[in-house]
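**Q** Handing over structure33.csv, CSV, C-alpha atoms.
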chain,number,residue,atom,x,y,z
R,248,MET,CA,0.0,0.0,0.0
R,249,LEU,CA,1.4,3.3,-1.0
R,250,SER,CA,1.8,5.7,1.9
R,251,LEU,CA,0.1,9.1,2.0
R,252,LYS,CA,3.4,10.8,1.6
R,253,GLY,CA,4.1,8.9,-1.5
R,254,VAL,CA,0.7,9.8,-3.0
R,255,PHE,CA,1.3,13.5,-2.6
R,256,ARG,CA,4.9,13.2,-3.9
R,257,SER,CA,3.7,11.3,-7.0
R,258,LEU,CA,1.0,13.9,-7.5
R,259,PHE,CA,3.5,16.6,-7.2
R,260,ASP,CA,5.9,15.0,-9.6
R,261,LEU,CA,3.2,14.2,-12.2
R,262,THR,CA,1.8,17.7,-12.2
R,263,ILE,CA,4.9,19.9,-11.7
R,264,GLY,CA,7.6,17.6,-13.1
R,265,HIS,CA,10.2,17.5,-10.4
R,266,SER,CA,11.1,13.9,-11.4
R,267,GLY,CA,12.4,15.3,-14.7
R,268,ASN,CA,10.2,13.1,-16.9
R,269,THR,CA,6.4,13.0,-16.9
R,270,ARG,CA,6.4,9.6,-18.5
R,271,ALA,CA,8.5,8.1,-15.8
R,272,ALA,CA,6.5,9.7,-13.1
R,273,HIS,CA,3.4,8.3,-14.7
R,274,ASP,CA,4.8,4.7,-15.0
R,275,SER,CA,5.9,4.7,-11.3
R,276,PHE,CA,2.4,5.7,-10.1
R,277,PRO,CA,-0.2,3.0,-9.1
R,278,ARG,CA,-2.8,3.5,-11.9
R,279,TRP,CA,-5.3,1.1,-10.3
R,280,GLN,CA,-5.8,3.5,-7.4
R,281,PHE,CA,-6.4,6.7,-9.4
R,282,PRO,CA,-7.7,5.9,-12.9
R,283,TRP,CA,-8.3,9.5,-13.7
R,284,LEU,CA,-4.6,10.1,-13.4
R,285,THR,CA,-4.0,7.3,-15.9
R,286,GLN,CA,-6.3,9.0,-18.4
R,287,ARG,CA,-4.5,12.3,-17.8
R,288,ALA,CA,-1.1,10.7,-18.3
R,289,ALA,CA,-2.4,9.2,-21.6
R,290,ARG,CA,-3.3,12.6,-22.8
R,291,VAL,CA,0.1,13.8,-21.9
R,292,ARG,CA,1.7,10.9,-23.8
R,293,GLY,CA,-0.5,11.5,-26.8
R,294,THR,CA,0.8,15.0,-27.1
R,295,LYS,CA,4.4,13.9,-26.5
R,296,ALA,CA,4.8,16.6,-23.9
R,297,GLU,CA,8.1,17.0,-22.2
R,298,TYR,CA,8.7,18.7,-18.9
R,299,ILE,CA,8.6,22.4,-19.2
R,300,PRO,CA,10.1,24.3,-16.3
R,301,LEU,CA,7.7,26.7,-14.5
R,302,GLU,CA,8.5,30.2,-15.6
R,303,LEU,CA,8.3,32.8,-12.9
R,304,PRO,CA,7.4,36.4,-13.9
R,305,ALA,CA,10.3,38.8,-14.0
R,306,PRO,CA,10.6,40.9,-10.9
R,307,GLY,CA,8.9,44.2,-11.4
R,308,PRO,CA,8.3,47.4,-9.4
R,309,PRO,CA,7.0,46.8,-5.8
R,310,ARG,CA,3.3,46.7,-5.5
R,311,ALA,CA,1.5,49.7,-3.9
R,312,SER,CA,0.6,49.2,-0.3
R,313,ILE,CA,-3.0,49.4,0.9
R,314,THR,CA,-2.2,52.7,2.6
R,315,LEU,CA,-0.9,54.2,-0.7
R,316,LEU,CA,-4.0,53.0,-2.5
R,317,LEU,CA,-6.3,54.5,0.1
R,318,SER,CA,-4.5,57.8,0.0
R,319,ARG,CA,-4.6,57.8,-3.8
R,320,TYR,CA,-8.3,56.8,-4.4
R,321,LEU,CA,-9.9,58.1,-1.2
R,322,ARG,CA,-8.1,61.4,-1.0
R,323,PRO,CA,-11.4,63.4,-1.2
R,324,ILE,CA,-12.7,61.5,1.8
R,325,VAL,CA,-9.6,61.0,4.1
R,326,PRO,CA,-8.4,64.3,5.5
R,327,ASP,CA,-4.8,65.4,5.1
R,328,LEU,CA,-3.0,65.9,8.4
R,329,ALA,CA,-1.6,69.3,8.7
R,330,GLN,CA,2.1,69.7,8.9
R,331,PRO,CA,3.6,70.9,12.3
R,332,GLY,CA,3.2,74.6,12.6
R,333,CYS,CA,0.3,74.8,10.1
R,334,PRO,CA,-2.4,77.2,11.5
R,335,ALA,CA,-5.7,75.6,12.4
R,336,GLN,CA,-8.8,76.4,10.4
R,337,ASN,CA,-11.8,77.9,12.1
R,338,TRP,CA,-15.0,76.0,11.4
R,339,LYS,CA,-18.7,77.0,11.8
R,340,LEU,CA,-21.4,74.4,12.0
R,341,THR,CA,-25.2,74.9,11.9
R,342,LEU,CA,-27.0,72.0,13.7
R,343,SER,CA,-30.5,70.8,14.2
R,344,TYR,CA,-31.3,68.4,17.0
R,345,ASP,CA,-33.9,66.8,19.1
R,346,GLY,CA,-32.9,67.5,22.7
R,347,THR,CA,-35.2,65.0,24.4
R,348,ASP,CA,-32.6,62.4,25.1
R,349,TYR,CA,-29.8,64.8,26.0
R,350,ARG,CA,-28.8,66.6,29.2
R,351,GLY,CA,-28.6,69.8,27.2
R,352,TRP,CA,-25.8,71.2,25.0
R,353,GLN,CA,-22.9,71.5,27.4
R,354,VAL,CA,-20.6,68.6,28.2
R,355,GLN,CA,-21.3,67.1,31.7
R,356,PRO,CA,-19.4,64.3,33.4
R,357,GLY,CA,-21.3,61.0,32.9
R,358,GLU,CA,-24.1,62.6,30.9
R,359,ARG,CA,-25.0,62.4,27.2
R,360,THR,CA,-25.0,65.9,25.7
R,361,VAL,CA,-25.1,67.4,22.2
R,362,GLN,CA,-21.7,69.1,22.6
R,363,GLY,CA,-20.2,65.8,23.8
R,364,GLU,CA,-21.6,63.8,20.9
R,365,LEU,CA,-20.3,66.4,18.4
R,366,GLN,CA,-16.8,66.4,20.0
R,367,ALA,CA,-16.7,62.5,19.9
R,368,ALA,CA,-17.8,62.5,16.2
R,369,LEU,CA,-15.0,64.9,15.3
R,370,GLY,CA,-12.5,62.7,17.1
R,371,ARG,CA,-13.6,59.6,15.1
R,372,ILE,CA,-13.5,61.4,11.8
R,373,VAL,CA,-10.3,63.5,11.9
R,374,GLY,CA,-8.5,62.3,15.0
R,375,GLU,CA,-8.9,65.7,16.8
R,376,SER,CA,-11.3,66.4,19.7
R,377,PRO,CA,-11.8,70.2,19.9
R,378,LEU,CA,-14.6,71.3,22.2
R,379,PRO,CA,-17.2,73.0,20.0
R,380,GLN,CA,-18.4,76.3,21.3
R,381,GLY,CA,-22.2,76.8,20.9
R,382,SER,CA,-24.1,80.0,20.4
R,383,GLY,CA,-26.0,79.2,23.6
R,384,ARG,CA,-26.3,76.4,26.1
R,385,THR,CA,-29.7,74.8,25.5
R,386,ASP,CA,-31.0,73.0,28.6
R,387,ALA,CA,-31.9,69.4,29.0
R,388,GLY,CA,-34.8,68.5,26.7
R,389,VAL,CA,-34.6,71.7,24.7
R,390,HIS,CA,-34.5,71.4,20.9
R,391,ALA,CA,-32.7,73.4,18.2
R,392,LEU,CA,-33.6,74.2,14.6
R,393,ALA,CA,-30.4,76.1,13.9
R,394,GLN,CA,-27.8,75.9,16.6
R,395,VAL,CA,-24.4,77.3,15.7
R,396,ALA,CA,-21.1,75.9,16.9
R,397,SER,CA,-17.5,76.9,16.1
R,398,PHE,CA,-14.1,75.1,16.7
R,399,PRO,CA,-10.6,74.9,15.3
R,400,LEU,CA,-9.3,72.0,13.2
R,401,GLN,CA,-5.7,71.2,12.1
R,402,ALA,CA,-6.9,68.6,9.6
R,403,ARG,CA,-7.5,69.8,6.0
R,404,ILE,CA,-10.8,68.4,4.8
R,405,PRO,CA,-13.3,69.8,2.3
R,406,GLU,CA,-16.4,71.4,3.7
R,407,ALA,CA,-18.8,69.0,1.9
R,408,ASN,CA,-16.8,66.0,3.1
R,409,LEU,CA,-16.9,67.0,6.8
R,410,LEU,CA,-20.6,67.7,6.5
R,411,ARG,CA,-21.2,64.3,5.0
R,412,ALA,CA,-18.9,62.5,7.5
R,413,LEU,CA,-20.5,64.1,10.5
R,414,ASN,CA,-24.0,63.2,9.5
R,415,ARG,CA,-22.9,59.6,9.0
R,416,THR,CA,-21.2,59.5,12.4
R,417,LEU,CA,-23.6,61.5,14.7
R,418,PRO,CA,-26.8,60.0,16.1
R,419,GLY,CA,-29.9,60.4,14.0
R,420,SER,CA,-31.3,63.0,16.5
R,421,ILE,CA,-28.5,65.4,15.6
R,422,ARG,CA,-28.1,66.7,12.0
R,423,VAL,CA,-25.5,69.1,10.6
R,424,ILE,CA,-27.2,71.5,8.2
R,425,GLU,CA,-24.1,73.4,7.1
R,426,ALA,CA,-20.3,73.2,7.6
R,427,ARG,CA,-18.1,76.2,6.6
R,428,ILE,CA,-14.6,77.4,7.1
R,429,VAL,CA,-14.8,80.9,8.6
R,430,PRO,CA,-12.3,83.7,9.6
R,431,GLU,CA,-10.4,83.1,12.8
R,432,SER,CA,-12.2,86.0,14.5
R,433,PHE,CA,-15.5,84.2,14.4
R,434,HIS,CA,-16.9,82.7,17.6
R,435,ALA,CA,-20.3,81.1,17.7
R,436,ARG,CA,-21.3,82.7,20.9
R,437,HIS,CA,-19.4,86.0,21.1
R,438,SER,CA,-20.0,87.0,17.5
R,439,ALA,CA,-23.8,86.5,17.7
R,440,VAL,CA,-25.8,89.7,17.6
R,441,ALA,CA,-29.3,88.2,18.0
R,442,LYS,CA,-31.1,85.0,18.8
R,443,THR,CA,-34.6,83.8,18.2
R,444,TYR,CA,-36.4,81.3,20.4
R,445,GLU,CA,-39.7,79.6,19.7
R,446,TYR,CA,-42.0,78.0,22.3
R,447,ARG,CA,-44.9,75.7,21.2
R,448,VAL,CA,-48.0,75.1,23.3
R,449,PHE,CA,-50.7,72.5,22.4
R,450,PRO,CA,-54.0,73.4,24.2
R,451,VAL,CA,-55.6,70.2,25.5
R,452,GLU,CA,-59.4,70.5,26.1
R,453,PRO,CA,-60.6,67.5,28.1
R,454,ALA,CA,-64.2,68.6,27.6
R,455,MET,CA,-63.8,68.3,23.8
R,456,ASN,CA,-61.7,65.1,24.1
R,457,GLN,CA,-58.8,66.8,22.5
R,458,LEU,CA,-55.6,64.9,23.4
R,459,CYS,CA,-52.0,65.6,22.5
R,460,PRO,CA,-50.8,63.0,20.0
R,461,PRO,CA,-47.9,60.8,21.2
R,462,PHE,CA,-45.8,61.8,18.2
R,463,LEU,CA,-46.2,65.5,19.1
R,464,ALA,CA,-45.8,65.2,22.9
R,465,ARG,CA,-41.9,65.4,22.7
R,466,TYR,CA,-42.0,68.9,21.1
R,467,VAL,CA,-44.9,70.8,22.7
R,468,ASN,CA,-46.2,71.8,26.1
R,469,PRO,CA,-49.7,70.1,26.4
R,470,PHE,CA,-51.5,72.8,28.4
R,471,SER,CA,-54.9,71.7,29.8
R,472,TRP,CA,-56.1,75.2,30.8
R,473,HIS,CA,-58.2,77.4,28.5
R,474,VAL,CA,-56.2,80.5,27.8
R,475,ASN,CA,-57.1,84.0,26.4
R,476,LEU,CA,-54.7,84.5,23.5
R,477,ALA,CA,-55.4,88.2,23.3
R,478,LEU,CA,-54.2,88.7,26.9
R,479,MET,CA,-51.1,86.7,26.3
R,480,GLU,CA,-50.3,88.8,23.2
R,481,CYS,CA,-50.6,92.0,25.3
R,482,ALA,CA,-48.3,90.5,27.9
R,483,ALA,CA,-45.7,89.6,25.2
R,484,GLN,CA,-45.6,93.2,24.0
R,485,ALA,CA,-44.8,94.3,27.5
R,486,PHE,CA,-41.5,92.5,27.4
R,487,ILE,CA,-40.1,94.4,24.3
R,488,GLY,CA,-37.3,96.8,25.0
R,489,GLU,CA,-34.2,96.9,27.2
R,490,ARG,CA,-35.0,95.7,30.6
R,491,ASP,CA,-33.6,94.0,33.7
R,492,PHE,CA,-34.9,90.4,33.5
R,493,SER,CA,-33.7,89.3,36.9
R,494,SER,CA,-37.2,88.1,37.8
R,495,PHE,CA,-37.3,85.8,34.8
R,496,ALA,CA,-33.8,84.2,35.3
R,497,ALA,CA,-33.1,80.9,37.0
R,498,THR,CA,-31.9,81.3,40.6
R,499,ASP,CA,-28.6,79.6,39.7
R,500,PRO,CA,-26.5,82.0,37.7
R,501,ASP,CA,-25.8,80.4,34.3
R,502,LEU,CA,-22.6,82.1,33.4
R,503,ALA,CA,-21.1,82.4,36.8
R,504,THR,CA,-21.2,78.7,37.6
R,505,ARG,CA,-20.6,77.1,34.2
R,506,THR,CA,-17.3,77.2,32.5
R,507,GLU,CA,-16.2,76.2,29.0
R,508,ALA,CA,-12.8,75.8,27.4
R,509,LEU,CA,-11.6,78.1,24.6
R,510,THR,CA,-13.8,81.0,25.7
R,511,ALA,CA,-12.9,84.5,26.6
R,512,PRO,CA,-13.1,84.8,30.5
R,513,SER,CA,-13.6,88.6,30.3
R,514,SER,CA,-16.7,88.2,28.1
R,515,LEU,CA,-18.2,85.6,30.4
R,516,GLN,CA,-17.6,87.8,33.5
R,517,THR,CA,-19.2,90.8,31.8
R,518,GLU,CA,-22.3,88.8,30.9
R,519,ALA,CA,-22.5,87.3,34.4
R,520,ARG,CA,-22.6,90.8,36.1
R,521,THR,CA,-25.8,92.0,34.4
R,522,SER,CA,-29.3,90.7,33.8
R,523,ILE,CA,-30.2,93.5,31.4
R,524,ARG,CA,-31.3,92.2,28.0
R,525,THR,CA,-32.9,93.8,24.9
R,526,ILE,CA,-35.9,92.1,23.4
R,527,TYR,CA,-36.5,93.2,19.8
R,528,SER,CA,-39.7,91.3,19.1
R,529,SER,CA,-42.1,89.2,21.2
R,530,GLN,CA,-45.4,87.8,20.0
R,531,TRP,CA,-47.9,84.9,20.0
R,532,SER,CA,-49.5,83.3,17.0
R,533,GLU,CA,-51.7,80.4,16.1
R,534,GLN,CA,-50.4,77.6,13.7
R,535,SER,CA,-52.6,74.9,12.2
R,536,HIS,CA,-51.5,71.3,12.8
R,537,GLU,CA,-53.1,68.1,11.8
R,538,ALA,CA,-53.7,67.3,15.5
R,539,GLY,CA,-55.2,70.8,16.3
R,540,THR,CA,-54.1,74.3,16.8
R,541,LEU,CA,-50.7,75.2,18.2
R,542,LEU,CA,-50.0,78.4,20.1
R,543,VAL,CA,-46.5,79.5,19.2
R,544,TYR,CA,-44.5,82.2,21.0
R,545,ARG,CA,-41.5,83.7,19.2
R,546,VAL,CA,-39.1,86.0,20.9
R,547,ARG,CA,-36.0,87.7,19.4
R,548,GLY,CA,-33.3,89.4,21.5
R,549,ASN,CA,-29.7,90.2,21.9
R,550,GLY,CA,-29.3,87.5,24.6
R,551,PHE,CA,-31.2,85.5,27.1
R,552,LEU,CA,-30.7,84.5,30.7
R,553,HIS,CA,-30.8,80.9,32.0
R,554,HIS,CA,-34.5,79.7,31.7
R,555,MET,CA,-35.5,83.2,30.7
R,556,VAL,CA,-37.8,82.2,27.8
R,557,ARG,CA,-39.4,79.4,29.7
R,558,ASN,CA,-40.1,81.7,32.6
R,559,LEU,CA,-41.6,84.3,30.3
R,560,VAL,CA,-43.9,81.7,28.8
R,561,GLY,CA,-44.9,80.4,32.2
R,562,THR,CA,-45.8,83.9,33.3
R,563,MET,CA,-47.9,84.6,30.1
R,564,LEU,CA,-49.7,81.3,30.4
R,565,ASP,CA,-50.7,82.3,34.0
R,566,ILE,CA,-52.0,85.6,32.6
R,567,GLY,CA,-53.8,83.8,29.8
R,568,ARG,CA,-55.7,81.5,32.1
R,569,GLY,CA,-56.6,84.2,34.5
R,570,TYR,CA,-54.2,83.3,37.3
R,571,ALA,CA,-52.3,86.5,37.0
R,572,ARG,CA,-53.0,90.0,35.5
R,573,LEU,CA,-51.4,92.2,33.0
R,574,ASP,CA,-50.9,94.8,35.7
R,575,ASP,CA,-48.6,92.4,37.5
R,576,ILE,CA,-45.9,92.6,34.9
R,577,PRO,CA,-44.4,96.0,36.0
R,578,VAL,CA,-44.5,94.7,39.6
R,579,ILE,CA,-42.6,91.5,38.6
R,580,PHE,CA,-39.9,93.6,36.8
R,581,ALA,CA,-39.5,95.8,39.9
R,582,ALA,CA,-39.2,92.9,42.3
R,583,ARG,CA,-36.0,91.6,40.6
R,584,ALA,CA,-36.8,88.2,42.2
R,585,ARG,CA,-37.5,84.9,40.6
R,586,SER,CA,-40.4,84.2,43.0
R,587,ALA,CA,-42.3,87.1,41.7
R,588,ALA,CA,-42.8,85.7,38.2
R,589,GLY,CA,-44.7,82.7,37.0
R,590,PRO,CA,-43.6,79.0,36.8
R,591,THR,CA,-41.0,77.6,34.4
R,592,ALA,CA,-42.6,76.1,31.4
R,593,PRO,CA,-41.5,72.6,30.4
R,594,ALA,CA,-38.3,72.3,28.3
R,595,ARG,CA,-39.8,70.1,25.6
R,596,GLY,CA,-41.8,72.9,24.0
R,597,LEU,CA,-38.7,75.2,23.5
R,598,PHE,CA,-36.7,75.5,20.3
R,599,LEU,CA,-33.6,77.6,19.5
R,600,HIS,CA,-35.0,78.9,16.2
R,601,SER,CA,-32.0,80.9,14.7
R,602,VAL,CA,-28.9,82.8,15.5
R,603,GLU,CA,-27.9,86.0,13.7
R,604,TYR,CA,-24.4,87.3,13.0
R,605,GLU,CA,-23.1,90.5,11.4
Could you rewrite the structure in this file as structure tokens?

**A**
Amino acid sequence: MLSLKGVFRSLFDLTIGHSGNTRAAHDSFPRWQFPWLTQRAARVRGTKAEYIPLELPAPGPPRASITLLLSRYLRPIVPDLAQPGCPAQNWKLTLSYDGTDYRGWQVQPGERTVQGELQAALGRIVGESPLPQGSGRTDAGVHALAQVASFPLQARIPEANLLRALNRTLPGSIRVIEARIVPESFHARHSAVAKTYEYRVFPVEPAMNQLCPPFLARYVNPFSWHVNLALMECAAQAFIGERDFSSFAATDPDLATRTEALTAPSSLQTEARTSIRTIYSSQWSEQSHEAGTLLVYRVRGNGFLHHMVRNLVGTMLDIGRGYARLDDIPVIFAARARSAAGPTAPARGLFLHSVEYE
């Protein structure tokens, strides 16, 4: 019985020709065990083929590595790392996000935030993790239609590619609308000249069996009291102008207790000292929705204190349902105390609508 080693050796000799003669290799092989090899050998004999050495290709230039191929064909996608000493580029992003599942904009230890998700996405894309500076710190549960953020990047990457890469990397609840390279002097917060917020109220009438749809509940304040919209509009007009909004600010000072990297300390201290803000426009309107009528409050100003818009809405809703009077507004301003104003409206109805720059 032929050993296994002998079988493989004979196969090797027959096919490759290391024995020097294909006929000899064929004759020494047990045909009765592998008849198909006998037939193959007969074909070889019929053509009177002799052993032909295996010709190896002549050595050529070295093959391109996978890194070289990636850099050659994926250059529009893979960013080029900046050389040492190359100045960073200043980026401006415009974002839209659903803030329901986030603890607000600003990074917080152990919490999921919009700023943290954006910073992590940049790290995965370009290998850098700058802390994006937002135009404002939206609270937990607050949404944004057009939040603006700015940050420096050393990596050189086309604007369209960064926009596409971020939207592929970020969670579906955060979308980047625009990505642009801007002058170094631009700062998302300090360069802003005006902001517009929008608050949405869905009147719920139990007597009319009007319920807030579950797909709308994340983005409105379902208010179960009947309100007088005309009174609320009069109250909104009373907030226009330059005023001290201390009574409508959260008791914990926003700017004095919160810090961010890459911001100008002098600007933060200046903002923390004063509660004076200028409101350019303030009004209520009705908007039709398939589930019913929405009451929408839109306010535009040069800046807003912590919880200021939500406290304004809570006060106006009290006036609209008859719990407070229009004459109480001057008294609330004069008190300069948070306890003098109405309650804080829920965060889920608030949207950062837009940010304006020169």

**Q** Looking at all atoms listed in the file, which of R:Ala581, R:Val448, R:Ala335, R:Ala402 is the one that sits closest to Pro430 in chain R?

**A**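 Smallest distance to Pro430 in chain R is found for R:Ala335.
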
**Q** Between R:Leu541, R:Ala387, R:Ile566, R:Leu369, single out the one closest to Gln355 in chain R, counting only C-alpha atoms.

**A** R:Ala387

**Q** So that I can see what lies close to range 532-539 of chain R, please list as a PyMOL selection string the residues with an atom at most 12 Å from it, counting all atoms listed in the file and leaving out residues fewer than 3 positions away in the same chain.

**A** chain R and resi 445-452+455-464+467+469+476-477+479-480+483+529+542-546

**Q** In Å to one decimal, how far is CA of Gln380 in chain R from CA of Pro405 in chain R?

**A**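 Taking CA of Pro405 in chain R and CA of Gln380 in chain R, their separation equals 20.7 Å.
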
**Q** Expressed in Å to a single decimal, how great is the separation between CA of Ser471 in chain R and CA of Tyr570 in chain R?

**A** 13.8 Å

**Q** Here is a test: counting only C-alpha atoms, which residue of R:Gly388, R:Gly363, R:Gly370, R:Pro377 is nearest to Arg350 in chain R?

**A**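 Using only C-alpha atoms, the shortest distance to Arg350 in chain R belongs to R:Gly388.
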
**Q** Between R:Leu597, R:Ala435, R:Leu564, R:Ala368, which residue has the minimum interatomic distance to Pro418 in chain R, considering all atoms listed in the file?

**A**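 Comparing R:Leu597, R:Ala435, R:Leu564, R:Ala368 against Pro418 in chain R, the winner is R:Ala368.
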
**Q** Out of R:Leu400, R:Leu392, R:Val429, R:Val474, which residue has the shortest atom-to-atom distance to Gly374 in chain R when counting all atoms listed in the file?

**A**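 Nearest to Gly374 in chain R: R:Leu400.
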
**Q** Which residue gives the smallest distance to Asp575 in chain R among R:Asp491, R:Ala485, R:Gly383, R:Asp348, with only C-alpha atoms counted?

**A**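 Comparing R:Asp491, R:Ala485, R:Gly383, R:Asp348 against Asp575 in chain R, the winner is R:Ala485.
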
**Q** If we count all atoms listed in the file, what is near Leu413 in chain R at a cut-off of 12 Å, once residues fewer than 4 positions away on the same chain are taken out, given as number ranges by chain?

**A** R: 324, 340-342, 364-373, 406-409, 417-419, 421-426

**Q** Go ahead and compute the interatomic distance for CA of Gly548 in chain R and CA of Phe580 in chain R, in Å to one decimal.

**A** 17.2 Å

**Q** Residues near Ile487 in chain R, anyone? I mean within 6 Å using all atoms listed in the file, not counting same-chain ones fewer than 2 positions away, as an NGL selection string.

**A** :R and (484-485 or 526-527)

**Q** Select range 383-396 of chain R in the preceding structure and write N, CA and C atoms to a file as a JSON list (two decimals), in the first residue's frame.

**A**
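Written output follows (selection-v1.json):
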[["chain", "number", "residue", "atom", "x", "y", "z"],
["R", 383, "GLY", "N", -25.28, 79.13, 22.30],
["R", 383, "GLY", "CA", -25.97, 79.18, 23.57],
["R", 383, "GLY", "C", -26.07, 77.78, 24.14],
["R", 384, "ARG", "N", -26.23, 77.69, 25.46],
["R", 384, "ARG", "CA", -26.32, 76.39, 26.12],
["R", 384, "ARG", "C", -27.79, 76.03, 26.30],
["R", 385, "THR", "N", -28.32, 75.27, 25.38],
["R", 385, "THR", "CA", -29.70, 74.83, 25.54],
["R", 385, "THR", "C", -29.78, 73.83, 26.69],
["R", 386, "ASP", "N", -30.88, 73.89, 27.45],
["R", 386, "ASP", "CA", -31.05, 73.04, 28.62],
["R", 386, "ASP", "C", -31.45, 71.63, 28.21],
["R", 387, "ALA", "N", -31.48, 70.76, 29.21],
["R", 387, "ALA", "CA", -31.91, 69.38, 28.98],
["R", 387, "ALA", "C", -33.32, 69.35, 28.43],
["R", 388, "GLY", "N", -33.50, 68.63, 27.33],
["R", 388, "GLY", "CA", -34.82, 68.51, 26.72],
["R", 388, "GLY", "C", -35.17, 69.59, 25.74],
["R", 389, "VAL", "N", -34.35, 70.64, 25.61],
["R", 389, "VAL", "CA", -34.62, 71.74, 24.68],
["R", 389, "VAL", "C", -34.08, 71.36, 23.31],
["R", 390, "HIS", "N", -34.81, 71.75, 22.27],
["R", 390, "HIS", "CA", -34.45, 71.40, 20.90],
["R", 390, "HIS", "C", -33.81, 72.60, 20.20],
["R", 391, "ALA", "N", -33.29, 72.34, 19.01],
["R", 391, "ALA", "CA", -32.70, 73.41, 18.20],
["R", 391, "ALA", "C", -33.03, 73.18, 16.74],
["R", 392, "LEU", "N", -33.45, 74.25, 16.08],
["R", 392, "LEU", "CA", -33.65, 74.21, 14.64],
["R", 392, "LEU", "C", -32.40, 74.66, 13.90],
["R", 393, "ALA", "N", -31.64, 75.56, 14.52],
["R", 393, "ALA", "CA", -30.42, 76.07, 13.87],
["R", 393, "ALA", "C", -29.44, 76.56, 14.93],
["R", 394, "GLN", "N", -28.92, 75.62, 15.71],
["R", 394, "GLN", "CA", -27.85, 75.94, 16.65],
["R", 394, "GLN", "C", -26.55, 76.14, 15.87],
["R", 395, "VAL", "N", -25.69, 77.02, 16.35],
["R", 395, "VAL", "CA", -24.42, 77.30, 15.67],
["R", 395, "VAL", "C", -23.28, 76.94, 16.62],
["R", 396, "ALA", "N", -22.26, 76.29, 16.08],
["R", 396, "ALA", "CA", -21.08, 75.92, 16.85],
["R", 396, "ALA", "C", -19.83, 76.26, 16.06]]
